[in-house]
Each structure stands twice: as structure tokens, then as C-alpha cells.
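Novice: Supplied structure: protein.txt, compact mmCIF, C-alpha atoms and all ligand atoms.
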# COMPACT_ATOMS: atom_id res chain seq x y z
CA MET A 417 40.55 -28.65 -1.91
CA LYS A 418 40.17 -32.17 -0.63
CA LEU A 419 36.66 -33.17 0.43
CA GLY A 420 35.92 -35.18 3.54
CA PHE A 421 33.02 -37.12 5.02
CA ASN A 422 32.47 -37.12 8.79
CA GLY A 423 30.99 -40.17 10.52
CA ALA A 424 28.68 -37.96 12.60
CA SER A 425 26.63 -37.48 9.44
CA THR A 426 25.58 -41.15 9.54
CA MET A 427 25.52 -42.00 13.22
CA ARG A 428 23.74 -45.33 12.72
CA ALA A 429 26.20 -46.64 10.14
CA ASP A 430 29.33 -48.39 11.38
CA LEU A 431 32.93 -47.66 10.43
CA ARG A 432 32.96 -50.02 7.47
CA GLU A 433 29.73 -48.54 6.08
CA ASP A 434 31.08 -44.99 6.50
CA ILE A 435 34.26 -45.81 4.58
CA ARG A 436 32.31 -47.51 1.81
CA ALA A 437 29.78 -44.66 1.55
CA ALA A 438 32.57 -42.05 1.41
CA SER A 439 34.34 -44.02 -1.30
CA GLU A 440 31.27 -44.58 -3.46
CA ALA A 441 30.31 -40.90 -3.29
CA GLY A 442 33.83 -39.84 -4.33
CA TYR A 443 35.26 -38.21 -1.19
CA ASP A 444 39.03 -38.01 -0.79
CA LEU A 445 39.02 -38.17 3.01
CA ILE A 446 37.16 -39.57 5.97
CA GLU A 447 36.80 -38.36 9.54
CA PHE A 448 36.29 -41.24 11.93
CA TRP A 449 33.73 -41.00 14.68
CA ALA A 450 35.96 -42.26 17.49
CA LYS A 451 33.38 -44.53 19.11
CA LYS A 452 32.70 -46.27 15.79
CA MET A 453 36.44 -46.87 15.47
CA ILE A 454 36.66 -48.35 18.97
CA ALA A 455 33.62 -50.56 18.29
CA TYR A 456 35.15 -51.79 15.03
CA LEU A 457 38.48 -52.52 16.72
CA SER A 458 36.80 -54.70 19.32
CA SER A 459 36.59 -57.44 16.68
CA HIS A 460 39.09 -56.25 14.02
CA THR A 461 42.63 -54.94 13.81
CA LEU A 462 44.12 -51.70 12.56
CA GLU A 463 45.44 -53.68 9.60
CA ASP A 464 41.80 -54.45 8.77
CA VAL A 465 41.00 -50.70 8.86
CA LYS A 466 44.01 -50.03 6.62
CA GLY A 467 42.68 -52.65 4.22
CA LEU A 468 39.24 -51.02 4.11
CA LEU A 469 40.78 -47.61 3.41
CA LYS A 470 43.09 -48.96 0.73
CA LYS A 471 40.28 -50.73 -1.05
CA ALA A 472 38.07 -47.64 -0.79
CA LYS A 473 40.87 -45.28 -1.94
CA VAL A 474 39.92 -42.92 0.89
CA LYS A 475 42.50 -41.37 3.22
CA PRO A 476 41.95 -40.70 6.92
CA LEU A 477 41.60 -37.06 8.00
CA ALA A 478 40.75 -37.02 11.71
CA ILE A 479 39.55 -38.94 14.73
CA THR A 480 36.75 -37.07 16.35
CA SER A 481 36.57 -36.26 19.17
CA VAL A 482 37.94 -35.96 22.70
CA GLU A 483 35.37 -33.81 24.44
CA PHE A 484 35.58 -31.28 27.25
CA ILE A 485 39.33 -31.10 27.67
CA THR A 486 39.47 -27.91 29.78
CA PHE A 487 38.57 -26.99 33.37
CA ASN A 488 38.97 -30.59 34.47
CA ALA A 489 39.82 -32.16 37.82
CA SER A 490 43.15 -33.97 38.01
CA TRP A 491 41.59 -37.43 37.51
CA GLU A 492 39.66 -36.16 34.49
CA LYS A 493 42.89 -34.78 33.02
CA ILE A 494 44.43 -38.24 33.29
CA ASN A 495 41.46 -39.75 31.47
CA THR A 496 41.69 -37.11 28.74
CA MET A 497 45.39 -37.79 28.21
CA ASN A 498 44.77 -41.55 28.13
CA LEU A 499 42.07 -41.10 25.52
CA ILE A 500 44.26 -38.85 23.36
CA ARG A 501 47.09 -41.37 23.69
CA ARG A 502 44.81 -44.20 22.60
CA TYR A 503 43.54 -42.26 19.58
CA ALA A 504 47.06 -41.03 18.74
CA LYS A 505 48.28 -44.63 18.49
CA ILE A 506 45.42 -45.48 16.15
CA ALA A 507 45.99 -42.30 14.14
CA GLU A 508 49.74 -42.92 13.79
CA THR A 509 49.19 -46.44 12.51
CA LEU A 510 46.58 -45.28 10.01
CA LYS A 511 48.58 -42.15 9.04
CA CYS A 512 45.62 -40.05 10.15
CA PRO A 513 46.86 -36.48 10.65
CA TYR A 514 44.48 -35.04 13.28
CA ILE A 515 42.66 -35.67 16.54
CA VAL A 516 39.80 -33.28 17.30
CA LEU A 517 39.63 -31.78 20.80
CA VAL A 518 36.62 -29.94 22.19
CA PRO A 519 36.53 -27.26 24.92
CA SER A 520 34.45 -27.68 28.09
CA PRO A 521 31.40 -25.75 29.22
CA ARG A 522 32.25 -22.43 30.85
CA PRO A 523 32.29 -22.87 34.64
CA ASN A 524 30.16 -20.43 36.64
CA GLY A 525 32.01 -17.18 37.11
CA ALA A 526 34.85 -17.97 34.66
CA SER A 527 35.90 -14.83 32.77
CA ASP A 528 37.10 -14.67 29.16
CA GLN A 529 40.62 -14.30 30.53
CA ASP A 530 40.18 -17.46 32.64
CA VAL A 531 39.01 -19.36 29.55
CA PHE A 532 41.95 -18.09 27.51
CA THR A 533 44.52 -18.96 30.18
CA GLU A 534 43.04 -22.40 30.86
CA SER A 535 42.72 -23.31 27.16
CA VAL A 536 46.27 -22.22 26.36
CA THR A 537 47.69 -24.08 29.37
CA VAL A 538 45.84 -27.32 28.58
CA LEU A 539 46.72 -27.25 24.88
CA LYS A 540 50.39 -26.56 25.63
CA GLY A 541 50.38 -29.53 28.01
CA ILE A 542 48.92 -31.76 25.30
CA SER A 543 51.36 -30.38 22.73
CA ASP A 544 54.30 -31.24 25.01
CA LYS A 545 53.03 -34.74 25.76
CA PHE A 546 52.52 -35.60 22.09
CA LYS A 547 55.36 -33.72 20.44
CA GLY A 548 57.14 -36.90 19.36
CA VAL A 549 54.01 -38.18 17.64
CA THR A 550 53.12 -37.50 14.01
CA VAL A 551 49.52 -36.69 14.94
CA GLU A 552 48.41 -33.09 15.50
CA VAL A 553 45.46 -31.80 17.54
CA ALA A 554 42.68 -29.51 16.31
CA PHE A 555 40.74 -27.47 18.89
CA GLU A 556 37.14 -27.06 17.73
CA PHE A 557 35.13 -24.21 19.24
CA LEU A 558 31.40 -24.90 19.76
CA GLY A 559 28.95 -22.09 19.03
CA PHE A 560 26.67 -22.97 21.96
CA ASP A 561 26.34 -20.30 24.63
CA TRP A 562 27.33 -22.78 27.36
CA CYS A 563 30.67 -23.55 25.72
CA SER A 564 33.78 -21.81 27.05
CA VAL A 565 35.18 -21.25 23.54
CA SER A 566 32.32 -20.37 21.22
CA THR A 567 33.76 -18.12 18.48
CA LEU A 568 36.45 -18.38 15.83
CA GLU A 569 38.02 -15.20 17.19
CA GLN A 570 38.56 -16.82 20.62
CA ASP A 571 39.91 -20.02 19.08
CA VAL A 572 42.32 -18.11 16.83
CA GLU A 573 43.67 -16.15 19.82
CA ILE A 574 44.12 -19.32 21.88
CA VAL A 575 45.87 -21.29 19.13
CA LYS A 576 48.08 -18.29 18.35
CA ALA A 577 49.13 -18.03 22.00
CA VAL A 578 49.80 -21.79 22.17
CA ASN A 579 52.09 -21.28 19.17
CA ARG A 580 52.98 -24.91 18.54
CA ASP A 581 53.17 -26.70 15.21
CA ASN A 582 51.05 -29.59 16.47
CA VAL A 583 48.10 -27.45 17.63
CA GLY A 584 45.54 -25.88 15.30
CA LEU A 585 41.79 -25.40 15.06
CA ILE A 586 38.64 -26.45 13.23
CA LEU A 587 36.23 -23.98 11.72
CA ASP A 588 32.79 -25.61 11.69
CA THR A 589 30.31 -23.46 9.76
CA PHE A 590 27.42 -24.44 12.08
CA HIS A 591 29.36 -23.41 15.17
CA PHE A 592 30.65 -20.33 13.38
CA TYR A 593 27.06 -19.24 12.71
CA ALA A 594 25.47 -20.34 16.00
CA GLY A 595 28.13 -18.65 18.13
CA GLY A 596 27.96 -15.39 16.19
CA SER A 597 31.52 -15.45 14.83
CA THR A 598 32.16 -12.54 12.46
CA LEU A 599 33.19 -12.92 8.82
CA ASP A 600 36.06 -10.55 9.57
CA SER A 601 37.44 -12.99 12.14
CA ILE A 602 38.30 -15.37 9.28
CA LYS A 603 40.68 -12.76 7.90
CA LYS A 604 42.50 -12.70 11.24
CA ALA A 605 43.08 -16.45 11.11
CA ASP A 606 46.35 -17.97 9.92
CA LYS A 607 45.30 -20.44 7.21
CA ARG A 608 47.99 -22.88 8.34
CA LYS A 609 46.29 -23.07 11.73
CA ILE A 610 42.91 -24.03 10.28
CA PHE A 611 43.47 -27.77 10.06
CA VAL A 612 39.95 -28.64 8.84
CA VAL A 613 36.76 -26.80 7.83
CA HIS A 614 33.52 -28.58 8.74
CA ILE A 615 30.77 -27.68 6.31
CA ASN A 616 27.02 -27.89 6.96
CA ASP A 617 24.03 -25.55 7.15
CA SER A 618 21.47 -24.64 9.80
CA GLU A 619 17.75 -24.31 10.25
CA ASN A 620 16.40 -20.80 10.64
CA LEU A 621 15.95 -20.57 14.42
CA PRO A 622 17.15 -18.06 17.02
CA LYS A 623 20.88 -18.77 17.39
CA ARG A 624 20.60 -19.54 21.09
CA GLU A 625 18.13 -22.32 20.35
CA LEU A 626 20.32 -24.08 17.80
CA GLN A 627 21.40 -27.63 18.56
CA ASP A 628 23.40 -30.16 16.53
CA CYS A 629 20.13 -31.75 15.37
CA HIS A 630 19.31 -28.57 13.44
CA ARG A 631 22.17 -29.06 10.99
CA LEU A 632 21.29 -29.39 7.30
CA TYR A 633 22.99 -30.12 3.99
CA PRO A 634 25.00 -27.11 2.76
CA GLY A 635 22.75 -24.67 0.91
CA GLU A 636 19.52 -25.77 2.58
CA GLY A 637 19.68 -23.36 5.51
CA VAL A 638 20.59 -19.85 6.57
CA ILE A 639 24.38 -19.94 7.11
CA PRO A 640 26.16 -17.45 4.80
CA LEU A 641 28.32 -20.19 3.28
CA ARG A 642 29.22 -18.21 0.16
CA GLU A 643 30.56 -15.37 2.29
CA ILE A 644 32.43 -17.75 4.61
CA PHE A 645 34.10 -19.55 1.70
CA ALA A 646 34.87 -16.23 -0.02
CA ARG A 647 36.75 -15.15 3.14
CA LEU A 648 38.53 -18.49 3.33
CA LYS A 649 39.58 -17.99 -0.28
CA GLU A 650 40.90 -14.53 0.59
CA ILE A 651 43.23 -16.01 3.19
CA GLN A 652 44.10 -18.73 0.63
CA TYR A 653 42.79 -21.58 2.72
CA ASP A 654 43.27 -24.73 0.67
CA GLY A 655 42.95 -27.37 3.39
CA PRO A 656 40.29 -30.05 3.74
CA VAL A 657 36.55 -29.34 3.79
CA SER A 658 34.56 -32.09 5.47
CA ILE A 659 30.80 -32.45 5.80
CA GLU A 660 29.59 -32.96 9.36
CA MET A 661 25.88 -33.18 10.14
CA PHE A 662 24.38 -34.53 13.34
CA ARG A 663 20.83 -34.70 12.08
CA PRO A 664 18.81 -37.71 13.33
CA GLU A 665 16.59 -37.46 10.26
CA TYR A 666 19.64 -38.16 8.07
CA TRP A 667 20.80 -40.97 10.37
CA ARG A 668 17.72 -42.94 9.31
CA LEU A 669 18.77 -42.81 5.64
CA PRO A 670 21.26 -45.17 3.97
CA ALA A 671 24.82 -43.86 4.49
CA GLU A 672 25.42 -43.90 0.71
CA GLU A 673 22.52 -41.54 0.15
CA VAL A 674 23.71 -39.04 2.79
CA ALA A 675 27.28 -39.20 1.46
CA ARG A 676 26.17 -38.71 -2.14
CA LYS A 677 23.86 -35.78 -1.43
CA GLY A 678 26.52 -34.35 0.88
CA ILE A 679 29.21 -34.19 -1.79
CA GLU A 680 26.80 -32.74 -4.36
CA THR A 681 25.88 -29.95 -1.96
CA ILE A 682 29.47 -29.23 -0.84
CA LYS A 683 30.53 -28.77 -4.44
CA LYS A 684 28.22 -25.76 -4.75
CA PHE A 685 30.47 -23.91 -2.30
CA VAL A 686 34.04 -25.11 -2.73
ZN ZN B 1 32.50 -29.91 13.62
Please express what this file holds, its structure, as C-alpha cells.
Ligand code: ZN

Specialist:
Amino acid sequence: MKLGFNGASTMRADLREDIRAASEAGYDLIEFWAKKMIAYLSSHTLEDVKGLLKKAKVKPLAITSVEFITFNASWEKINTMNLIRRYAKIAETLKCPYIVLVPSPRPNGASDQDVFTESVTVLKGISDKFKGVTVEVAFEFLGFDWCSVSTLEQDVEIVKAVNRDNVGLILDTFHFYAGGSTLDSIKKADKRKIFVVHINDSENLPKRELQDCHRLYPGEGVIPLREIFARLKEIQYDGPVSIEMFRPEYWRLPAEEVARKGIETIKKFV
């Protein structure tokens, strides 16, 4: 399994620092926090980014993320498509395989069927628009109760119904736990449709109270990571595993330190 480092783990470090930290800690892959990429490109070129990656011997995994892609007004849909197009151009140049897409909050009164229909329709539209592009999109469910797609089971059903090569999903262990996804739902997933696994742990709080800031290094919290990775092994998942923590306490530490401790803790599980 290839190991990745996600720029959300070090929100105060810039793109260059993230790449260097990932390299020094020994990761194979890096997930770019999109806004760090855009900030870097305001005074550098994509050739500069290529140079950083080459020197670091780290390969790009994903650009993350385009948020709230469903239940949008027509003008918002245009903005979403423009953003995906912009990231897709960057990703193609860098040979970065994935762009991460995130579902919207559930509108008042929207049923599960409404969420399913809307998500499938939007993802098919994106799939059609970007079918000539080498980049694929990964739909990441969020385990918060306000999110329209909050379990792996829902995400698997949606991606299955979309049924396109360029559309898959992300299983994030924090969202898996917070949203109450079942271990059995992993067995129902097609391993080829899980483009990336995000690994992290969680503080011991009632699930409904969990926020991104409660994420921890793998093994320091209450998520049943051994069971999750045992199920992933059962379905022969051998794709990338990338550490993603949004913990402000970690953001205050040097990026190298977070990256190094991150890879040590991931290796206990994969
Ligand atoms: Zn994630």
C-alpha cells in the first residue's frame, strides 16, 4: 500500500513545506490542499511544482477539495464546474490522479431518495464533462449529521449507480466512525471504487458532537481502525492510504514533526 500525506494535517504550512515534510518522513504520495496550491501558483508555475515533487521523490495523489457540489442553484453549478476544470488542468499537468468532491448539507425536507437522485445526477454530469481528461473524481461522504451523504453505504450506492470509470469514492475513517457507517458496509464496496482511504482517529465524544478538530493520530483515539483495515484487507483493497487530520493543535507544530509522527502511526495499521 502506498502511503500519503494530506495538506489538511498541516494547515499553516505552505505547499512547499508540505512536499518537503512528506518527503523527509518517507511518504510515497501527497494530497494537495487546493487553496495552498492556488496560493503557491500565484507566484510560481506548475513546472516549479513538478520540480519540487521530483526533488522530493513524492508523487501527487489528489487535489482536495471542491466542496458542496450537490443541491446547488444554477449559478453555483457553474462555479463548481469552473473550479473542477481549474483543478483538473493542474492535476493533468502534474499527473495527479484524483480531485476530491464533497456533498452538500441536506436541504430541509430532502429524503434519502432525493439525496441519491441528486448525487447520481450531479456526478454523472461531472463525469460527462470531464470524460476526456485523465483526472478522476472521488466523492467523499462526511459523517456529520448535517451532510446529505454521511455513510459509506450511501456513497457506495451512489457511486455504483453512477457507474462511470472516472467516478469513485473516499473512505475517511473519521467520517466512517462519526457517521455511524457499519463495518459490514466495507464488504459491500467494490475495492476499485475506493480511490483513497483517509486515515486518522477521533476523540472519545458523542458522535453527533464530533468535528474535524477532534481528529487525532491513528491509534490515539476510539475509531476501530484494526477492524476497518481488516475489512479492507478482506475486499483486497490495496490502494493509497493517506493521513488527514484537521487538528489545530497539530497545525501549530512543525510540518516535519506531524508528517513523521503520522507515518509512524499509520504503519501500525497498514
Ligand atoms: Zn477525508

Novice: So how far away is CA of Glu447 (chain A) from CA of Thr426 (chain A), in Å?

Specialist: 11.6 Å

Novice: Set the distance at 12 Å and use only C-alpha atoms: which residues neighbour Lys418 (chain A) once local chain neighbours fewer than 6 positions away are removed? I'd like the list as a PyMOL selection string.

Specialist: chain A and resi 442-446+474-477+612-613+653-659+679+682-683+686

Novice: Using only C-alpha atoms, find each residue in region 525-575 of chain A having at least one atom no more than 9 Å away from region 483-497 of chain A; report its shortest atom-to-atom pair and that distance in Å (one decimal), rows by chain then rising number, as JSON lines.

Specialist:
{"residue": "A:Val531", "atom": "CA", "partner": "A:Phe487", "partner_atom": "CA", "distance": 8.5}
{"residue": "A:Glu534", "atom": "CA", "partner": "A:Thr486", "partner_atom": "CA", "distance": 6.7}
{"residue": "A:Ser535", "atom": "CA", "partner": "A:Thr486", "partner_atom": "CA", "distance": 6.2}
{"residue": "A:Val538", "atom": "CA", "partner": "A:Thr486", "partner_atom": "CA", "distance": 6.5}
{"residue": "A:Leu539", "atom": "CA", "partner": "A:Thr486", "partner_atom": "CA", "distance": 8.8}
{"residue": "A:Ile542", "atom": "CA", "partner": "A:Met497", "partner_atom": "CA", "distance": 7.6}
{"residue": "A:Lys545", "atom": "CA", "partner": "A:Met497", "partner_atom": "CA", "distance": 8.6}
{"residue": "A:Ser564", "atom": "CA", "partner": "A:Thr486", "partner_atom": "CA", "distance": 8.8}

Novice: Let me see if you get this right: every residue at most 7 Å from ligand ZN 1 (chain B), counting all atoms listed in the file, written as an MDAnalysis selection string.

Specialist: chainID A and resid 556 588 614 660

Novice: Nearest to Phe662 (chain A) among A:Trp449, A:Phe645, A:Tyr503, A:Tyr593, with distances taken over only C-alpha atoms: which residue is it?

Specialist: A:Trp449

Novice: Which polymer residues have any atom within 10 Å of an atom of Arg436 (chain A), counting all atoms listed in the file, with same-chain residues fewer than 2 positions away left out, as a ChimeraX atom specification?

Specialist: /A:431-434,438-442,468-469,471-474,671-672,675

Novice: My list of candidates is A:Ser601, A:Ile435, A:Arg624, A:Thr681. Which is closest to Glu636 (chain A) when distances are computed with only C-alpha atoms?

Specialist: A:Thr681

Novice: With all atoms listed in the file counted, which protein, DNA or RNA residues have an atom no more than 12 Å from (15.5, -19.3, 11.5) in the file frame? Please answer as a PyMOL selection string.

Specialist: chain A and resi 593-594+617-626+630-631+636-639

Novice: To one decimal place in Å, what is the distance between CA of Ala450 (chain A) and CA of Arg522 (chain A)?

Specialist: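 Answer for the CA of Ala450 (chain A) to CA of Arg522 (chain A) separation: 24.2 Å.
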
Novice: Using all atoms listed in the file, can you tell me which of A:Asn582, A:Ser597, A:Thr480, A:Ser458 comes closest to Val549 (chain A)?

Specialist: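 Going through A:Asn582, A:Ser597, A:Thr480, A:Ser458 one by one, the smallest distance to Val549 (chain A) is for A:Asn582.
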
Novice: For Trp667 (chain A), which of A:Met427, A:Gln570, A:Cys563, A:Phe421 is the closest residue, counting all atoms listed in the file?

Specialist: A:Met427

Novice: To one decimal place, how far is CA of Ser543 (chain A) from CA of Lys649 (chain A) in Å?

Specialist: 28.7 Å

Novice: Using only C-alpha atoms - which residues lie no farther than 12 Å from the point (51.2, -40.5, 13.6) in the file's frame? Write them as a PyMOL selection string.

Specialist: chain A and resi 476-479+501-515+546-553+582

Novice: Which residue, A:Val536, A:Leu641, A:Val482, A:Ala424, has the smallest gap to Val575 (chain A) when you use all atoms listed in the file?

Specialist: A:Val536

Novice: Find the smallest box with edges along x, y and z containing every listed atom of region 583-593 of chain A, then add 5 Å on each side and report centre and edge lengths in Å to one decimal, as JSON.

Specialist:
{"center_x": 37.6, "center_y": -23.3, "center_z": 13.7, "size_x": 31.0, "size_y": 18.2, "size_z": 17.9}

Novice: Taking only C-alpha atoms into account, which of A:Phe611, A:Gly678, A:Asp430, A:Val565 comes nearest Tyr666 (chain A)?

Specialist: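 Among the listed residues, the smallest separation from Tyr666 (chain A) belongs to A:Gly678.
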
Novice: Once all heavy atoms are restored for region 538-549 of chain A, what would the output be as a tab-separated table (two decimals), keeping the file's coordinate frame?

Specialist:
chain	number	residue	atom	x	y	z
A	538	VAL	N	46.18	-25.92	28.87
A	538	VAL	CA	45.84	-27.32	28.58
A	538	VAL	C	46.41	-27.73	27.22
A	538	VAL	O	47.01	-28.81	27.08
A	538	VAL	CB	44.31	-27.54	28.64
A	538	VAL	CG1	43.93	-28.89	28.06
A	538	VAL	CG2	43.82	-27.43	30.09
A	539	LEU	N	46.24	-26.89	26.22
A	539	LEU	CA	46.72	-27.25	24.88
A	539	LEU	C	48.25	-27.34	24.83
A	539	LEU	O	48.80	-28.21	24.15
A	539	LEU	CB	46.20	-26.26	23.84
A	539	LEU	CG	44.70	-26.40	23.51
A	539	LEU	CD1	44.20	-25.21	22.71
A	539	LEU	CD2	44.41	-27.70	22.76
A	540	LYS	N	48.92	-26.46	25.57
A	540	LYS	CA	50.39	-26.56	25.63
A	540	LYS	C	50.81	-27.87	26.28
A	540	LYS	O	51.77	-28.52	25.85
A	540	LYS	CB	50.99	-25.38	26.42
A	540	LYS	CG	51.18	-24.14	25.58
A	540	LYS	CD	51.93	-23.07	26.37
A	540	LYS	CE	52.24	-21.87	25.49
A	540	LYS	NZ	52.73	-20.73	26.27
A	541	GLY	N	50.08	-28.26	27.33
A	541	GLY	CA	50.38	-29.53	28.01
A	541	GLY	C	50.22	-30.71	27.06
A	541	GLY	O	51.06	-31.62	27.02
A	542	ILE	N	49.16	-30.68	26.27
A	542	ILE	CA	48.92	-31.76	25.30
A	542	ILE	C	50.00	-31.73	24.22
A	542	ILE	O	50.55	-32.77	23.82
A	542	ILE	CB	47.50	-31.64	24.70
A	542	ILE	CG1	46.45	-31.92	25.79
A	542	ILE	CG2	47.32	-32.58	23.51
A	542	ILE	CD1	45.03	-31.57	25.41
A	543	SER	N	50.31	-30.53	23.76
A	543	SER	CA	51.36	-30.38	22.73
A	543	SER	C	52.68	-30.98	23.20
A	543	SER	O	53.34	-31.72	22.46
A	543	SER	CB	51.54	-28.88	22.42
A	543	SER	OG	52.68	-28.70	21.63
A	544	ASP	N	53.04	-30.70	24.45
A	544	ASP	CA	54.30	-31.24	25.01
A	544	ASP	C	54.27	-32.76	25.08
A	544	ASP	O	55.21	-33.43	24.67
A	544	ASP	CB	54.52	-30.71	26.44
A	544	ASP	CG	54.94	-29.24	26.44
A	544	ASP	OD1	55.39	-28.76	25.37
A	544	ASP	OD2	54.81	-28.59	27.49
A	545	LYS	N	53.14	-33.29	25.58
A	545	LYS	CA	53.03	-34.74	25.76
A	545	LYS	C	53.11	-35.51	24.44
A	545	LYS	O	53.59	-36.63	24.37
A	545	LYS	CB	51.70	-35.08	26.44
A	545	LYS	CG	51.80	-35.10	27.94
A	545	LYS	CD	51.26	-36.42	28.50
A	545	LYS	CE	51.81	-36.68	29.88
A	545	LYS	NZ	51.30	-35.71	30.88
A	546	PHE	N	52.62	-34.87	23.36
A	546	PHE	CA	52.52	-35.60	22.09
A	546	PHE	C	53.43	-35.02	21.01
A	546	PHE	O	53.18	-35.18	19.82
A	546	PHE	CB	51.05	-35.65	21.62
A	546	PHE	CG	50.19	-36.42	22.57
A	546	PHE	CD1	49.49	-35.78	23.58
A	546	PHE	CD2	50.14	-37.81	22.51
A	546	PHE	CE1	48.75	-36.50	24.51
A	546	PHE	CE2	49.40	-38.54	23.43
A	546	PHE	CZ	48.70	-37.88	24.43
A	547	LYS	N	54.51	-34.37	21.44
A	547	LYS	CA	55.36	-33.72	20.44
A	547	LYS	C	56.17	-34.72	19.60
A	547	LYS	O	56.54	-34.41	18.48
A	547	LYS	CB	56.24	-32.64	21.05
A	547	LYS	CG	57.33	-33.13	21.96
A	547	LYS	CD	58.12	-31.94	22.51
A	547	LYS	CE	59.04	-32.42	23.60
A	547	LYS	NZ	59.28	-31.43	24.65
A	548	GLY	N	56.39	-35.92	20.13
A	548	GLY	CA	57.14	-36.90	19.36
A	548	GLY	C	56.26	-37.72	18.41
A	548	GLY	O	56.73	-38.59	17.70
A	549	VAL	N	54.99	-37.40	18.39
A	549	VAL	CA	54.01	-38.18	17.64
A	549	VAL	C	53.69	-37.43	16.34
A	549	VAL	O	53.73	-36.21	16.31
A	549	VAL	CB	52.73	-38.34	18.51
A	549	VAL	CG1	51.63	-39.09	17.79
A	549	VAL	CG2	53.07	-39.03	19.82
